[in-house]
Structures are given as C-alpha cells and as structure tokens.
Amino acid sequence: MASLKLRKFPSLWYEDAGIVLRAGNCLFRVYQHTLVQQCAVFNDMFNIAQEGKSEQDKYAGCPLIVLHDNENELMWFLLAIFDSKSFPSDTIPTDQRYGQVSSILRLSDKYDNTGLKVRALRRLTEAFCDSKPFTSQSLRFREPSLPMSLRDHYHCIPFFLKMGVPWLIPHALLALVYAERSIELDVVQQWKEWPEIAAHVLQGLRLHAAFFHFQIRSMTFRCADKNDLCQASMVEFNGQLNTKLCQIPIENQGLPIHLERVFDHFRAAFSRPNYCPSIGRACRRKITTVLRGCTDAQWAVLPGLYGFGSWEELDVLKAKALS
C-alpha cells in the first residue's frame with residue numbers, strides 16, 4: 001500500500017519554526033513556544049517528541065508530531081493562533097463560516113486555549129442568539145449570521161450538547177426547522193457518534209410534537225363583530241389555519257413544524273389587504289395578537305421541552321461561559 005503524499009500548508013509553514021504538526025496528510029511548521037504559551041497541553045507532546053531518536057519521527061529536521069484531528073479543523077485552529085486576521089476579536093470577517101468557528105471551539109477546548117474558546121463561544125452566540133437576556137425576548141426566528149450547510153444544521157445540535165453550550169440548542173433546533181422542512185426521526189437518529197445525546201434530543205422532539213398538537217387542536221377564532229361577512233371569512237380562515245397546521249401527521253413528523261414558522265405564514269398573509277378582506281379590523285387585530293401570544297407561550301416552555309431547564313438558567317450558564 002502506497003504511503004500518503006504529505007503536503008505542506010503554505011500559510012502555516014514558517015521556515016524558522018522548530019516543530020512540525022501533522023493531521024491527515026497535511027503538515028504545519030509552527031513555533032513551539034507560541035503553542036506552549038497558548039496551549040499548555042502541547043508542552044508534554046513536545047517533550048515526548050524531542051526524546052525520540054528515530055529519524056522517522058522528524059520532518060525537515062524538526063520533531064514531527066502526529067495529531068488525530070481533522071486537517072481542516074487543525075488548520076482553522078492554528079490560523080486563529082498564528083494569524084490574527086483569520087479570527088479577529090473585534091471584527092467579523094465576511095467570509096467566516098460556521099465550520100471555521102466550530103472547529104476553533106472544539107480544538108480550543110481540547111487543547112485548553114481558554115481565550116480562543118471564549119471568543120468562539122461569543123461568535124456562535126452572536127450568530128444564533130440576540131445579545132439580550134433570553135428572559136426579555138419573544139420567540140423570533142432569524143437566520144444564523146454564519147453561513148451553514150444543511151449538514152451543519154444537523155450536526156451543530158449534538159456538537160453544542162457535547163461542548164456544554166445548551167443555550168444555543170433551542171435556537172439551533174429552530175434554525176434546523178427552517179432550513180429543512182421534511183426532517184424525519186430516522187435522519188436525526190443518524191447521530192451515531194452521540195447515541196446518548198441523540199436519545200435525549202429525540203425524547204425532547206416527541207414532547208415538543210405532543211405539546212404542538214395539543215395547542216393547535218383547540219385553536220379556533222370566532223367573529224367578535226357578529227357580522228355575517230366577517231363570520232364567513234373567519235370560518236374560511238380557521239379552515240386554512242388548521243389545514244396548514246395539521247398537514248403532517250404526528251407519527252411522521254420527526255422534528256415538528258414549529259409554531260412560529262406556521263404563524264409567520266399567516267402574519268405575512270394578514271399584511272396583504274386582499275387576504276380574507278371581509279374579516280373586520282377588530283378580528284384581524286385579535287388574530288394577530290393570539291398568534292403572537294401562542295409563539296410567546298411556546299418560547300416560554302421551549303427549554304423545558306428539551307430538558308435544558310428554564311431560560312433563566314440558560315441565561316446564567318451563558319453569562320458564566322462568556323465572561
């Protein structure tokens with residue numbers, strides 16, 4: 001079997017540096033003292049490597065250390081250490097993606113770089129959440145500000161759980177619902193790397209689905225004006241709402257349609273003057289108020305449905321981790 005062809009990573013190959021790191025078939029020649037200064041875990045690795053006498057443990061005359069990390073993740077982590085422009089603390093590069101920040105978070109946790117870890121946590125929190133405390137917010141979907149693939153949307157949930165950042169989970173689940181509209185349980189069960197986490201989330205999803213269907217089945221709007229035209233339009237609207245809400249059976253739903261997404265549809269519809277025009281002004285206000293109240297109620301119970309405690313507890317965890 002032919003050996004892998006090793007390749008140097010140009011942006012992380014310093015000719016005057018004294019240590020070579022390898023991940024996969026990618027090589028990085030970097031400064032030992034900088035790594036030790038920022039990540040004490042590397043100190044023991046370097047001591048062991050320098051004790052080796054075999055030339056097979058060297059590359060370009062430098063000790064060679066093989067790391068069992070993904071080469072792209074290691075690249076982002078090392079760039080964050082050696083190139084301040086790649087992961088600045090005061091600005092957000094326009095080309096920064098979720099994969100870059102999550103890689104930095106995972107390896108800064110693994111190699112004990114507290115400063116980088118906090119910066120990565122702050123960046124992910126800014127991407128998914130409002131900066132205000134959760135307890136002062138209402139449920140609002142917003143697209144994560146870091147570009148994400150569909151695979152990223154699936155894998156960020158068990159990753160956040162594994163990294164101990166539960167305050168991001170409700171937002172990540174909501175983002176997944178908007179990113180993928182036909183999610184099924186068997187897809188989520190492909191989180192084979194994290195069987196306990198998958199079981200935990202799946203239980204939350206089932207509770208969420210039960211709560212969701214309990215709420216919508218009792219939702220019927222009645223005309224307050226006793227106007228025949230308005231009453232007829234309200235019957236038509238109730239039919240549209242329930243059709244939209246119940247179009248996917250609970251047993252096939254997997255990750256349930258989030259109430260906010262469905263209510264978004266009707267709030268947008270009510271902004272058009274030609275949508276159910278016979279519904280009176282008072283009834284339109286009532287419907288809009290009730291729809292918003294439903295999503296606010298959903299927001300209030302969302303952490304508990306997934307076993308993450310209250311929003312107050314998540315606020316405390318977030319503030320502690322980001323301080």
# chains A, B, ... in the order shown; residues from 1 in each chain; ligands from 1

$ select_by_dssp --residues "segment 46-130 of chain A" --states "alpha helix (DSSP H)" --output "PyMOL selection string"
chain A and resi 46-51+71-82+98-110+114-128

$ residues_around --residues "Val36 of chain A" --least-positions-apart "3" --cutoff "12 Å" --atoms "only C-alpha atoms" --output "list in words"
Ile19, Val30, Tyr31, Gln32, His33, Cys39, Ala40, Val41, Phe42, Asn43, Asp44, Met45, Phe46, Asn47, Ile81, Tyr111, Asp112 and Asn113 of chain A

$ atom_distance --atom1 "atom CA of Pro147 of chain A" --atom2 "atom CA of Tyr98 of chain A"
6.0 Å

$ residues_around --residues "Glu313 of chain A" --least-positions-apart "3" --cutoff "10 Å" --atoms "only C-alpha atoms" --output "mmCIF file with all heavy atoms, in the first residue's frame"
data_model
loop_
_atom_site.group_PDB
_atom_site.id
_atom_site.type_symbol
_atom_site.label_atom_id
_atom_site.label_comp_id
_atom_site.auth_asym_id
_atom_site.auth_seq_id
_atom_site.Cartn_x
_atom_site.Cartn_y
_atom_site.Cartn_z
ATOM 1 N N PHE A 134 -32.259 36.028 27.456
ATOM 2 C CA PHE A 134 -33.373 35.271 26.903
ATOM 3 C C PHE A 134 -34.697 35.653 27.562
ATOM 4 O O PHE A 134 -35.746 35.648 26.923
ATOM 5 C CB PHE A 134 -33.148 33.769 27.107
ATOM 6 C CG PHE A 134 -31.953 33.235 26.355
ATOM 7 C CD1 PHE A 134 -31.009 32.458 26.998
ATOM 8 C CD2 PHE A 134 -31.787 33.498 25.007
ATOM 9 C CE1 PHE A 134 -29.918 31.960 26.319
ATOM 10 C CE2 PHE A 134 -30.700 33.007 24.317
ATOM 11 C CZ PHE A 134 -29.758 32.231 24.969
ATOM 12 N N THR A 135 -34.649 35.967 28.844
ATOM 13 C CA THR A 135 -35.886 36.225 29.587
ATOM 14 C C THR A 135 -36.597 37.485 29.131
ATOM 15 O O THR A 135 -37.764 37.683 29.455
ATOM 16 C CB THR A 135 -35.576 36.336 31.094
ATOM 17 O OG1 THR A 135 -34.453 37.210 31.282
ATOM 18 C CG2 THR A 135 -35.239 34.976 31.674
ATOM 19 N N TRP A 167 -27.485 26.784 25.834
ATOM 20 C CA TRP A 167 -28.281 27.961 25.498
ATOM 21 C C TRP A 167 -28.434 28.132 23.981
ATOM 22 O O TRP A 167 -29.310 28.859 23.511
ATOM 23 C CB TRP A 167 -27.683 29.225 26.120
ATOM 24 C CG TRP A 167 -26.309 29.575 25.633
ATOM 25 C CD1 TRP A 167 -25.989 30.321 24.531
ATOM 26 C CD2 TRP A 167 -25.056 29.186 26.225
ATOM 27 N NE1 TRP A 167 -24.619 30.435 24.398
ATOM 28 C CE2 TRP A 167 -24.024 29.748 25.429
ATOM 29 C CE3 TRP A 167 -24.719 28.442 27.332
ATOM 30 C CZ2 TRP A 167 -22.678 29.564 25.724
ATOM 31 C CZ3 TRP A 167 -23.375 28.260 27.626
ATOM 32 C CH2 TRP A 167 -22.373 28.817 26.825
ATOM 33 N N PRO A 303 -37.238 25.631 26.439
ATOM 34 C CA PRO A 303 -36.083 24.956 27.069
ATOM 35 C C PRO A 303 -36.480 23.687 27.812
ATOM 36 O O PRO A 303 -35.814 22.657 27.699
ATOM 37 C CB PRO A 303 -35.530 26.012 28.029
ATOM 38 C CG PRO A 303 -36.028 27.306 27.518
ATOM 39 C CD PRO A 303 -37.369 27.015 26.918
ATOM 40 N N PHE A 308 -33.568 21.372 29.119
ATOM 41 C CA PHE A 308 -32.480 22.306 29.385
ATOM 42 C C PHE A 308 -32.778 23.292 30.501
ATOM 43 O O PHE A 308 -32.120 24.310 30.625
ATOM 44 C CB PHE A 308 -32.114 23.081 28.111
ATOM 45 C CG PHE A 308 -31.744 22.200 26.966
ATOM 46 C CD1 PHE A 308 -32.389 22.311 25.753
ATOM 47 C CD2 PHE A 308 -30.764 21.223 27.103
ATOM 48 C CE1 PHE A 308 -32.062 21.496 24.693
ATOM 49 C CE2 PHE A 308 -30.444 20.399 26.055
ATOM 50 C CZ PHE A 308 -31.086 20.534 24.846
ATOM 51 N N GLY A 309 -33.797 23.041 31.304
ATOM 52 C CA GLY A 309 -34.125 23.971 32.369
ATOM 53 C C GLY A 309 -34.856 25.182 31.827
ATOM 54 O O GLY A 309 -35.350 25.196 30.707
ATOM 55 N N SER A 310 -34.914 26.226 32.618
ATOM 56 C CA SER A 310 -35.634 27.451 32.224
ATOM 57 C C SER A 310 -34.703 28.384 31.461
ATOM 58 O O SER A 310 -33.482 28.211 31.432
ATOM 59 C CB SER A 310 -36.141 28.159 33.480
ATOM 60 O OG SER A 310 -35.031 28.612 34.256
ATOM 61 N N VAL A 316 -27.945 32.254 32.942
ATOM 62 C CA VAL A 316 -26.837 32.149 33.909
ATOM 63 C C VAL A 316 -25.672 31.378 33.292
ATOM 64 O O VAL A 316 -24.505 31.796 33.391
ATOM 65 C CB VAL A 316 -27.318 31.465 35.212
ATOM 66 C CG1 VAL A 316 -26.134 31.158 36.116
ATOM 67 C CG2 VAL A 316 -28.321 32.355 35.933
ATOM 68 N N LEU A 317 -25.966 30.253 32.640
ATOM 69 C CA LEU A 317 -24.918 29.450 32.000
ATOM 70 C C LEU A 317 -24.199 30.240 30.922
ATOM 71 O O LEU A 317 -22.966 30.217 30.804
ATOM 72 C CB LEU A 317 -25.521 28.178 31.393
ATOM 73 C CG LEU A 317 -25.962 27.094 32.369
ATOM 74 C CD1 LEU A 317 -26.732 25.992 31.629
ATOM 75 C CD2 LEU A 317 -24.757 26.499 33.095
ATOM 76 N N LYS A 318 -24.970 30.964 30.111
ATOM 77 C CA LYS A 318 -24.383 31.760 29.017
ATOM 78 C C LYS A 318 -23.465 32.842 29.579
ATOM 79 O O LYS A 318 -22.335 33.018 29.106
ATOM 80 C CB LYS A 318 -25.491 32.370 28.170
ATOM 81 C CG LYS A 318 -24.982 33.204 27.009
ATOM 82 C CD LYS A 318 -26.110 33.732 26.135
ATOM 83 C CE LYS A 318 -26.885 34.828 26.814
ATOM 84 N NZ LYS A 318 -27.780 35.545 25.893
#

$ residues_around --residues "Ser108 of chain A" --least-positions-apart "2" --cutoff "12 Å" --atoms "only C-alpha atoms" --output "number ranges by chain"
A: 35, 38-42, 73-74, 76-78, 80-81, 101-106, 110-121, 163

$ write_last_selection --atoms "C-alpha atoms" --output "PDB file, in the first residue's frame"
ATOM      1  CA  LEU A  35       1.839  26.925  21.006  1.00  0.00           C
ATOM      2  CA  GLN A  38      -1.270  29.461  24.423  1.00  0.00           C
ATOM      3  CA  CYS A  39      -1.950  25.724  24.882  1.00  0.00           C
ATOM      4  CA  ALA A  40      -0.127  24.099  27.800  1.00  0.00           C
ATOM      5  CA  VAL A  41      -1.269  20.649  26.602  1.00  0.00           C
ATOM      6  CA  PHE A  42       1.301  20.849  23.799  1.00  0.00           C
ATOM      7  CA  GLU A  73     -10.159  21.852  11.783  1.00  0.00           C
ATOM      8  CA  LEU A  74      -6.496  21.975  12.788  1.00  0.00           C
ATOM      9  CA  TRP A  76      -8.515  26.880  11.351  1.00  0.00           C
ATOM     10  CA  PHE A  77      -7.311  26.427  14.926  1.00  0.00           C
ATOM     11  CA  LEU A  78      -3.666  27.146  14.077  1.00  0.00           C
ATOM     12  CA  ALA A  80      -6.520  31.587  14.819  1.00  0.00           C
ATOM     13  CA  ILE A  81      -3.316  31.336  16.883  1.00  0.00           C
ATOM     14  CA  VAL A 101     -15.809  28.788  14.309  1.00  0.00           C
ATOM     15  CA  SER A 102     -16.962  25.343  15.457  1.00  0.00           C
ATOM     16  CA  SER A 103     -13.508  23.913  14.616  1.00  0.00           C
ATOM     17  CA  ILE A 104     -11.828  26.584  16.716  1.00  0.00           C
ATOM     18  CA  LEU A 105     -14.228  25.910  19.590  1.00  0.00           C
ATOM     19  CA  ARG A 106     -13.669  22.147  19.551  1.00  0.00           C
ATOM     20  CA  LYS A 110      -9.393  20.004  23.524  1.00  0.00           C
ATOM     21  CA  TYR A 111      -6.037  21.804  23.795  1.00  0.00           C
ATOM     22  CA  ASP A 112      -7.071  24.111  26.643  1.00  0.00           C
ATOM     23  CA  ASN A 113      -6.869  27.515  24.995  1.00  0.00           C
ATOM     24  CA  THR A 114      -9.359  29.436  27.136  1.00  0.00           C
ATOM     25  CA  GLY A 115      -9.067  32.742  25.284  1.00  0.00           C
ATOM     26  CA  LEU A 116      -9.860  31.247  21.889  1.00  0.00           C
ATOM     27  CA  LYS A 117     -12.635  29.126  23.356  1.00  0.00           C
ATOM     28  CA  VAL A 118     -14.422  32.155  24.821  1.00  0.00           C
ATOM     29  CA  ARG A 119     -14.056  34.065  21.532  1.00  0.00           C
ATOM     30  CA  ALA A 120     -15.530  31.133  19.600  1.00  0.00           C
ATOM     31  CA  LEU A 121     -18.395  30.802  22.088  1.00  0.00           C
ATOM     32  CA  MET A 163     -19.447  21.162  24.169  1.00  0.00           C
TER      33      MET A 163
END

$ residues_around --residues "segment 221-237 of chain A" --least-positions-apart "6" --cutoff "12 Å" --atoms "only C-alpha atoms" --output "tab-separated table (two decimals) with N, CA, C and O atoms, in the first residue's frame"
chain	number	residue	atom	x	y	z
A	243	THR	N	-55.68	23.41	8.36
A	243	THR	CA	-55.09	22.62	7.28
A	243	THR	C	-53.58	22.77	7.28
A	243	THR	O	-52.83	21.81	7.16
A	244	LYS	N	-53.14	24.00	7.44
A	244	LYS	CA	-51.70	24.28	7.43
A	244	LYS	C	-51.01	23.63	8.63
A	244	LYS	O	-49.94	23.04	8.50
A	266	PHE	N	-49.13	33.15	8.36
A	266	PHE	CA	-50.39	33.88	8.47
A	266	PHE	C	-50.19	35.35	8.83
A	266	PHE	O	-50.97	36.20	8.41
A	269	ALA	N	-49.53	36.84	5.63
A	269	ALA	CA	-50.76	36.90	4.83
A	269	ALA	C	-51.63	38.07	5.26
A	269	ALA	O	-52.20	38.79	4.42
A	270	PHE	N	-51.73	38.30	6.58
A	270	PHE	CA	-52.57	39.39	7.07
A	270	PHE	C	-52.00	40.76	6.75
A	270	PHE	O	-52.71	41.77	6.86
A	275	TYR	N	-56.07	39.61	1.60
A	275	TYR	CA	-56.18	38.32	2.26
A	275	TYR	C	-57.37	38.35	3.22
A	275	TYR	O	-57.39	39.13	4.17
A	276	CYS	N	-58.38	37.50	2.95
A	276	CYS	CA	-59.60	37.49	3.76
A	276	CYS	C	-60.08	38.92	4.04
A	276	CYS	O	-60.18	39.34	5.21
A	277	PRO	N	-60.36	39.70	2.98
A	277	PRO	CA	-60.67	41.13	3.18
A	277	PRO	C	-61.93	41.38	3.99
A	277	PRO	O	-62.12	42.50	4.52
A	278	SER	N	-62.81	40.38	4.09
A	278	SER	CA	-64.07	40.60	4.82
A	278	SER	C	-63.91	40.48	6.33
A	278	SER	O	-64.85	40.77	7.08
A	279	ILE	N	-62.75	40.03	6.78
A	279	ILE	CA	-62.52	39.98	8.22
A	279	ILE	C	-62.35	41.40	8.75
A	279	ILE	O	-61.54	42.17	8.24
A	280	GLY	N	-63.14	41.75	9.75
A	280	GLY	CA	-63.11	43.10	10.28
A	280	GLY	C	-61.81	43.45	10.98
A	280	GLY	O	-61.01	42.58	11.34
A	281	ARG	N	-61.62	44.75	11.17
A	281	ARG	CA	-60.37	45.24	11.76
A	281	ARG	C	-60.15	44.69	13.17
A	281	ARG	O	-59.04	44.27	13.53
A	282	ALA	N	-61.19	44.65	13.97
A	282	ALA	CA	-61.06	44.15	15.34
A	282	ALA	C	-60.68	42.67	15.35
A	282	ALA	O	-59.83	42.24	16.14
A	283	CYS	N	-61.28	41.91	14.46
A	283	CYS	CA	-60.96	40.48	14.40
A	283	CYS	C	-59.54	40.24	13.89
A	283	CYS	O	-58.86	39.32	14.33
A	284	ARG	N	-59.11	41.08	12.95
A	284	ARG	CA	-57.74	40.94	12.44
A	284	ARG	C	-56.73	41.20	13.56
A	284	ARG	O	-55.73	40.49	13.69
A	285	ARG	N	-56.99	42.23	14.36
A	285	ARG	CA	-56.10	42.52	15.49
A	285	ARG	C	-56.10	41.37	16.49
A	285	ARG	O	-55.06	40.99	17.02
A	286	LYS	N	-57.29	40.81	16.74
A	286	LYS	CA	-57.39	39.71	17.68
A	286	LYS	C	-56.59	38.50	17.21
A	286	LYS	O	-55.85	37.88	17.98
A	287	ILE	N	-56.72	38.17	15.92
A	287	ILE	CA	-55.99	37.01	15.38
A	287	ILE	C	-54.49	37.22	15.49
A	287	ILE	O	-53.75	36.34	15.94
A	288	THR	N	-54.03	38.41	15.09
A	288	THR	CA	-52.59	38.70	15.16
A	288	THR	C	-52.09	38.62	16.59
A	288	THR	O	-51.01	38.07	16.86
A	289	THR	N	-52.87	39.14	17.54
A	289	THR	CA	-52.48	39.10	18.96
A	289	THR	C	-52.40	37.66	19.47
A	289	THR	O	-51.46	37.28	20.18
A	290	VAL	N	-53.38	36.86	19.10
A	290	VAL	CA	-53.40	35.46	19.57
A	290	VAL	C	-52.23	34.67	18.98
A	290	VAL	O	-51.58	33.89	19.68
A	291	LEU	N	-51.96	34.87	17.70
A	291	LEU	CA	-50.84	34.16	17.07
A	291	LEU	C	-49.52	34.52	17.75
A	291	LEU	O	-48.68	33.65	18.01

$ residues_around --residues "Pro133 of chain A" --least-positions-apart "4" --cutoff "10 Å" --atoms "only C-alpha atoms" --output "PyMOL selection string"
chain A and resi 129+137+311-312+314-316+318-319
